[in-house]
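Everything below belongs to start-v6.txt, which stores compact mmCIF, C-alpha atoms.
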# COMPACT_ATOMS: atom_id res chain seq x y z
CA MET H 133 184.93 -115.68 88.24
CA ASN H 134 183.76 -116.10 91.82
CA LYS H 135 186.00 -114.59 94.48
CA GLY H 136 187.77 -116.89 96.88
CA ARG H 137 186.94 -117.01 100.58
CA LEU H 138 189.09 -115.82 103.45
CA ILE H 139 189.16 -118.60 106.07
CA VAL H 140 190.45 -117.83 109.56
CA PHE H 141 191.75 -121.05 111.10
CA SER H 142 192.68 -121.32 114.79
CA ALA H 143 193.56 -124.14 117.17
CA PRO H 144 195.57 -124.60 120.37
CA SER H 145 199.06 -126.09 120.28
CA GLY H 146 198.98 -129.90 120.08
CA CYS H 147 195.64 -130.02 118.28
CA GLY H 148 197.06 -131.32 115.00
CA LYS H 149 196.47 -128.04 113.17
CA GLY H 150 199.62 -128.35 111.04
CA THR H 151 198.78 -131.91 109.96
CA MET H 152 195.22 -130.86 109.09
CA LEU H 153 196.46 -127.92 107.02
CA ALA H 154 198.94 -130.12 105.15
CA GLU H 155 196.02 -132.33 104.07
CA ILE H 156 193.75 -129.39 103.20
CA LEU H 157 196.44 -127.69 101.11
CA LYS H 158 196.67 -130.73 98.83
CA ASP H 159 193.51 -129.22 97.32
CA GLU H 160 194.71 -126.46 94.95
CA ARG H 161 191.65 -124.31 95.66
CA PHE H 162 193.23 -123.45 99.02
CA ARG H 163 196.43 -121.68 100.01
CA CYS H 164 197.86 -120.39 103.28
CA SER H 165 198.53 -116.70 103.76
CA VAL H 166 202.20 -115.82 104.27
CA SER H 167 202.66 -113.54 107.30
CA ALA H 168 205.07 -110.62 107.54
CA THR H 169 207.62 -110.36 110.35
CA THR H 170 210.52 -108.23 111.53
CA ARG H 171 212.45 -111.19 112.92
CA ALA H 172 215.52 -112.43 111.06
CA PRO H 173 215.11 -115.46 108.76
CA ARG H 174 216.13 -118.79 110.29
CA PRO H 175 218.39 -121.17 108.33
CA GLY H 176 216.49 -122.55 105.34
CA GLU H 177 213.67 -119.97 105.49
CA VAL H 178 212.85 -118.19 102.24
CA ASP H 179 211.46 -114.66 101.95
CA GLY H 180 207.94 -114.73 100.51
CA VAL H 181 207.56 -118.47 101.25
CA ASN H 182 207.92 -118.86 105.02
CA TYR H 183 207.41 -115.16 105.83
CA HIS H 184 207.70 -111.75 104.24
CA PHE H 185 210.78 -110.50 106.11
CA LEU H 186 210.56 -106.74 106.68
CA THR H 187 212.66 -104.20 108.56
CA ARG H 188 210.94 -102.75 111.62
CA GLU H 189 210.84 -99.35 109.87
CA ASP H 190 209.10 -100.83 106.81
CA PHE H 191 206.72 -102.84 109.02
CA GLU H 192 205.73 -99.80 111.09
CA SER H 193 205.21 -97.60 108.03
CA ARG H 194 202.89 -100.26 106.55
CA VAL H 195 200.96 -100.43 109.83
CA ALA H 196 200.57 -96.63 109.74
CA ALA H 197 199.35 -96.86 106.12
CA GLY H 198 196.67 -99.38 107.14
CA GLU H 199 198.13 -102.20 105.02
CA PHE H 200 197.72 -104.89 107.71
CA LEU H 201 194.54 -106.83 108.49
CA GLU H 202 196.04 -107.56 111.92
CA ASN H 203 199.42 -107.23 113.59
CA ALA H 204 200.97 -107.86 116.98
CA GLU H 205 204.35 -107.93 118.71
CA TYR H 206 205.74 -111.10 120.33
CA CYS H 207 209.10 -111.35 122.10
CA GLY H 208 210.41 -108.14 120.54
CA ASN H 209 209.43 -109.01 116.95
CA CYS H 210 206.43 -107.81 114.94
CA TYR H 211 204.12 -110.17 113.04
CA GLY H 212 201.12 -109.43 110.87
CA THR H 213 198.93 -110.23 107.87
CA LEU H 214 199.16 -107.92 104.86
CA ALA H 215 195.82 -107.29 103.15
CA SER H 216 197.61 -107.42 99.77
CA GLU H 217 198.87 -110.96 100.54
CA VAL H 218 195.28 -112.10 101.00
CA ASP H 219 193.35 -110.06 98.42
CA VAL H 220 195.46 -110.88 95.37
CA TYR H 221 194.56 -114.58 95.71
CA LEU H 222 190.91 -114.01 96.67
CA GLU H 223 190.51 -112.04 93.42
CA LYS H 224 191.89 -115.04 91.52
CA GLY H 225 189.19 -117.24 93.08
CA GLN H 226 191.49 -119.03 95.52
CA ASN H 227 190.46 -119.62 99.14
CA VAL H 228 193.04 -118.15 101.51
CA ILE H 229 193.55 -119.78 104.92
CA LEU H 230 194.87 -117.56 107.66
CA GLU H 231 196.36 -119.64 110.49
CA ILE H 232 196.21 -117.37 113.51
CA GLU H 233 195.64 -117.18 117.27
CA VAL H 234 192.37 -115.98 118.82
CA GLN H 235 193.42 -112.38 119.48
CA GLY H 236 194.47 -111.85 115.86
CA ALA H 237 191.34 -113.63 114.62
CA MET H 238 189.12 -111.16 116.47
CA LYS H 239 190.97 -108.26 114.80
CA ILE H 240 190.26 -109.89 111.43
CA ARG H 241 186.59 -110.23 112.47
CA GLU H 242 186.42 -106.42 112.81
CA LYS H 243 187.93 -105.74 109.38
CA ARG H 244 186.63 -108.73 107.40
CA PRO H 245 183.37 -109.89 109.03
CA GLU H 246 182.51 -111.84 105.87
CA ALA H 247 185.45 -114.22 106.48
CA LEU H 248 184.77 -117.79 107.58
CA PHE H 249 186.02 -118.47 111.13
CA ILE H 250 186.88 -122.08 112.04
CA PHE H 251 188.27 -123.25 115.39
CA VAL H 252 189.73 -126.74 115.83
CA ILE H 253 189.56 -128.39 119.24
CA PRO H 254 190.88 -131.71 120.63
CA PRO H 255 188.43 -134.43 121.77
CA SER H 256 189.31 -133.43 125.36
CA VAL H 257 191.90 -131.42 127.28
CA GLY H 258 193.21 -134.75 128.64
CA GLU H 259 193.79 -135.99 125.08
CA LEU H 260 195.58 -132.73 124.25
CA ARG H 261 197.92 -133.28 127.20
CA ARG H 262 198.55 -136.88 126.04
CA ARG H 263 199.46 -135.67 122.53
CA LEU H 264 201.87 -133.06 123.89
CA GLU H 265 203.50 -135.64 126.19
CA LYS H 266 203.80 -138.09 123.29
CA ARG H 267 205.94 -135.59 121.38
CA GLY H 268 208.57 -135.93 124.13
CA THR H 269 210.05 -132.52 123.27
CA GLU H 270 209.02 -130.46 126.29
CA ALA H 271 209.37 -130.58 130.07
CA GLU H 272 206.31 -131.31 132.22
CA GLU H 273 206.00 -127.68 133.42
CA VAL H 274 206.01 -126.45 129.80
CA ILE H 275 203.32 -128.98 128.88
CA ALA H 276 201.23 -127.90 131.89
CA LYS H 277 201.52 -124.26 130.75
CA ARG H 278 200.54 -125.17 127.16
CA VAL H 279 197.52 -127.17 128.39
CA ALA H 280 196.37 -124.24 130.57
CA GLU H 281 196.77 -121.82 127.63
CA ALA H 282 194.91 -124.24 125.35
CA ALA H 283 191.99 -124.47 127.79
CA GLY H 284 191.75 -120.66 127.77
CA GLU H 285 191.74 -120.60 123.96
CA ILE H 286 189.16 -123.40 123.71
CA ALA H 287 186.88 -121.39 126.01
CA GLN H 288 186.78 -118.73 123.25
CA ALA H 289 185.90 -121.15 120.45
CA GLY H 290 182.25 -120.02 120.63
CA LYS H 291 183.30 -116.73 118.99
CA TYR H 292 183.97 -118.63 115.77
CA ASP H 293 181.44 -119.64 113.09
CA TYR H 294 182.28 -123.35 113.28
CA VAL H 295 184.07 -125.64 115.72
CA ILE H 296 185.66 -128.87 114.44
CA VAL H 297 186.82 -131.67 116.73
CA ASN H 298 190.11 -133.19 115.55
CA ASP H 299 189.78 -136.73 116.90
CA ALA H 300 190.51 -138.69 113.71
CA LEU H 301 192.45 -136.62 111.14
CA GLU H 302 190.51 -137.88 108.12
CA ASP H 303 187.16 -136.97 109.72
CA ALA H 304 188.38 -133.52 110.80
CA VAL H 305 189.61 -132.71 107.27
CA LYS H 306 186.31 -133.95 105.81
CA ASP H 307 184.43 -131.73 108.29
CA PHE H 308 186.51 -128.74 107.17
CA PHE H 309 185.55 -129.24 103.53
CA THR H 310 181.89 -129.82 104.49
CA VAL H 311 181.83 -126.48 106.33
CA VAL H 312 183.42 -124.61 103.41
CA GLU H 313 180.97 -126.16 100.92
CA ALA H 314 177.94 -125.42 103.14
CA GLU H 315 178.97 -121.77 103.39
CA LYS H 316 178.40 -121.37 99.63
CA PHE H 317 174.66 -121.78 100.23
CA LYS H 318 174.31 -119.16 102.99
CA GLY H 319 171.56 -116.71 102.08
CA SER H 320 173.66 -113.72 103.17
CA LEU H 321 176.41 -114.73 100.74
CA SER H 322 174.20 -115.66 97.79
CA GLY H 323 173.47 -112.17 96.44
CA GLU H 324 175.35 -112.78 93.19
CA LEU H 325 173.61 -116.12 92.61
CA ILE H 326 170.15 -114.68 93.38
CA ASN H 327 170.71 -111.71 91.04
CA GLU H 328 171.81 -114.07 88.27
CA VAL H 329 168.60 -116.10 88.63
CA LEU H 330 166.43 -112.96 88.62
CA LYS H 331 168.22 -111.59 85.54
CA ASN H 332 167.26 -114.65 83.54
CA ALA H 333 163.53 -114.40 84.30

Entire entry expressed as structure tokens:
Amino acid sequence: MNKGRLIVFSAPSGCGKGTMLAEILKDERFRCSVSATTRAPRPGEVDGVNYHFLTREDFESRVAAGEFLENAEYCGNCYGTLASEVDVYLEKGQNVILEIEVQGAMKIREKRPEALFIFVIPPSVGELRRRLEKRGTEAEEVIAKRVAEAAGEIAQAGKYDYVIVNDALEDAVKDFFTVVEAEKFKGSLSGELINEVLKNA
């Protein structure tokens, strides 16, 4: 059985990342990685589904043991990606999508350079602002801050293997699958296929 692929998936807030992932995950060959955190579960959240909820002591001991692919602390809580959460599904041939911000993605790049790195951008920063305003959930100063942060993230998109523009959802999802399929034919990843051909000379 062929191993699955680790796919690192990043996008600024307001880019439609969640909607894209919901469409992608309708395909059973793909699953999202479940992160670990030290924060308390919110109402309705389930351990092992929304997050792996760990005590800070457990989290820190796992960090020390090298069990995380990446980890960081935000607002007093720790978050991270356990290698075991990813590898068990890759071995089963499933593609694992890791939804993560740029800083965490670059840590993954160091440990798993063979992963596929995809960054999703809006058609323009102006369109991103319009989408955030359309939500009607945040004050203007919060939106301005989010737009500024998004511009900074977009400036780093060149560090990724592929950049997808999410203008029309259907097209962006199709582009995602096209990228994943094209990766199968990369010479650097075709060792197994080449060996198989040579064996049957």

If we count only C-alpha atoms and set the cut-off at 12 Å, which residues sit around Phe309 (chain H), ignoring sequence neighbours fewer than 4 positions away in its own chain? Please answer as JSON, numbers by chain. {"H": [139, 152, 153, 155, 156, 157, 159, 161, 162, 227, 250, 294, 296, 302, 303, 304, 305, 313, 314, 315, 316]}

Mind writing the picked residues with C-alpha atoms as a PDB file, keeping the file's coordinate frame?
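Result saved to selection-v2.pdb:
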ATOM      1  CA  ILE H 139     189.160-118.600 106.070  1.00  0.00           C
ATOM      2  CA  MET H 152     195.220-130.860 109.090  1.00  0.00           C
ATOM      3  CA  LEU H 153     196.460-127.920 107.020  1.00  0.00           C
ATOM      4  CA  GLU H 155     196.020-132.330 104.070  1.00  0.00           C
ATOM      5  CA  ILE H 156     193.750-129.390 103.200  1.00  0.00           C
ATOM      6  CA  LEU H 157     196.440-127.690 101.110  1.00  0.00           C
ATOM      7  CA  ASP H 159     193.510-129.220  97.320  1.00  0.00           C
ATOM      8  CA  ARG H 161     191.650-124.310  95.660  1.00  0.00           C
ATOM      9  CA  PHE H 162     193.230-123.450  99.020  1.00  0.00           C
ATOM     10  CA  ASN H 227     190.460-119.620  99.140  1.00  0.00           C
ATOM     11  CA  ILE H 250     186.880-122.080 112.040  1.00  0.00           C
ATOM     12  CA  TYR H 294     182.280-123.350 113.280  1.00  0.00           C
ATOM     13  CA  ILE H 296     185.660-128.870 114.440  1.00  0.00           C
ATOM     14  CA  GLU H 302     190.510-137.880 108.120  1.00  0.00           C
ATOM     15  CA  ASP H 303     187.160-136.970 109.720  1.00  0.00           C
ATOM     16  CA  ALA H 304     188.380-133.520 110.800  1.00  0.00           C
ATOM     17  CA  VAL H 305     189.610-132.710 107.270  1.00  0.00           C
ATOM     18  CA  GLU H 313     180.970-126.160 100.920  1.00  0.00           C
ATOM     19  CA  ALA H 314     177.940-125.420 103.140  1.00  0.00           C
ATOM     20  CA  GLU H 315     178.970-121.770 103.390  1.00  0.00           C
ATOM     21  CA  LYS H 316     178.400-121.370  99.630  1.00  0.00           C
TER      22      LYS H 316
END

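The smallest atom-to-atom distance between Ile286 (chain H) and any of H:His184, H:Ala154, H:Val252, H:Lys243, using all atoms listed in the file, is found for H:Val252.
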
Quick one: distance from CA of Glu231 (chain H) to CA of Ala143 (chain H) in Å, one decimal?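 Between CA of Glu231 (chain H) and CA of Ala143 (chain H) the gap is 8.5 Å.
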
Residue neighbourhood region 273-281 of chain H, 9 Å, all atoms listed in the file, exclusion window fewer than 6 positions, as a list of chain:residue names: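 Close residues of region 273-281 of chain H: H:Pro144, H:Ser145, H:Gly146, H:Val257, H:Gly258, H:Leu260, H:Arg261, H:Leu264, H:Glu265.
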
Find the distance between CA of Val228 (chain H) and CA of Cys164 (chain H) and write it in Å to one decimal.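 Interatomic distance, CA of Val228 (chain H) to CA of Cys164 (chain H): 5.6 Å.
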
Take region 279-293 of chain H, model N, CA and C atoms, and hand the result over as an mmCIF file, in the coordinates of the input.
data_model
loop_
_atom_site.group_PDB
_atom_site.id
_atom_site.type_symbol
_atom_site.label_atom_id
_atom_site.label_comp_id
_atom_site.auth_asym_id
_atom_site.auth_seq_id
_atom_site.Cartn_x
_atom_site.Cartn_y
_atom_site.Cartn_z
ATOM 1 N N VAL H 279 198.874 -126.625 128.176
ATOM 2 C CA VAL H 279 197.520 -127.170 128.390
ATOM 3 C C VAL H 279 196.621 -126.091 128.992
ATOM 4 N N ALA H 280 197.156 -125.323 129.945
ATOM 5 C CA ALA H 280 196.370 -124.240 130.570
ATOM 6 C C ALA H 280 196.024 -123.170 129.531
ATOM 7 N N GLU H 281 197.009 -122.816 128.690
ATOM 8 C CA GLU H 281 196.770 -121.820 127.630
ATOM 9 C C GLU H 281 195.725 -122.344 126.644
ATOM 10 N N ALA H 282 195.843 -123.621 126.296
ATOM 11 C CA ALA H 282 194.910 -124.240 125.350
ATOM 12 C C ALA H 282 193.487 -124.200 125.892
ATOM 13 N N ALA H 283 193.323 -124.489 127.185
ATOM 14 C CA ALA H 283 191.990 -124.470 127.790
ATOM 15 C C ALA H 283 191.384 -123.070 127.694
ATOM 16 N N GLY H 284 192.216 -122.046 127.895
ATOM 17 C CA GLY H 284 191.750 -120.660 127.770
ATOM 18 C C GLY H 284 191.326 -120.331 126.352
ATOM 19 N N GLU H 285 192.078 -120.839 125.368
ATOM 20 C CA GLU H 285 191.740 -120.600 123.960
ATOM 21 C C GLU H 285 190.449 -121.337 123.581
ATOM 22 N N ILE H 286 190.344 -122.590 124.025
ATOM 23 C CA ILE H 286 189.160 -123.400 123.710
ATOM 24 C C ILE H 286 187.894 -122.733 124.254
ATOM 25 N N ALA H 287 188.026 -122.075 125.407
ATOM 26 C CA ALA H 287 186.880 -121.390 126.010
ATOM 27 C C ALA H 287 186.350 -120.274 125.116
ATOM 28 N N GLN H 288 187.188 -119.814 124.164
ATOM 29 C CA GLN H 288 186.780 -118.730 123.250
ATOM 30 C C GLN H 288 186.305 -119.242 121.891
ATOM 31 N N ALA H 289 186.268 -120.561 121.740
ATOM 32 C CA ALA H 289 185.900 -121.150 120.450
ATOM 33 C C ALA H 289 184.497 -120.746 119.996
ATOM 34 N N GLY H 290 183.625 -120.419 120.953
ATOM 35 C CA GLY H 290 182.250 -120.020 120.630
ATOM 36 C C GLY H 290 182.172 -118.728 119.831
ATOM 37 N N LYS H 291 183.276 -117.977 119.775
ATOM 38 C CA LYS H 291 183.300 -116.730 118.990
ATOM 39 C C LYS H 291 183.463 -117.009 117.500
ATOM 40 N N TYR H 292 183.743 -118.250 117.169
ATOM 41 C CA TYR H 292 183.970 -118.630 115.770
ATOM 42 C C TYR H 292 182.665 -119.125 115.133
ATOM 43 N N ASP H 293 182.645 -119.185 113.797
ATOM 44 C CA ASP H 293 181.440 -119.640 113.090
ATOM 45 C C ASP H 293 181.242 -121.144 113.235
#
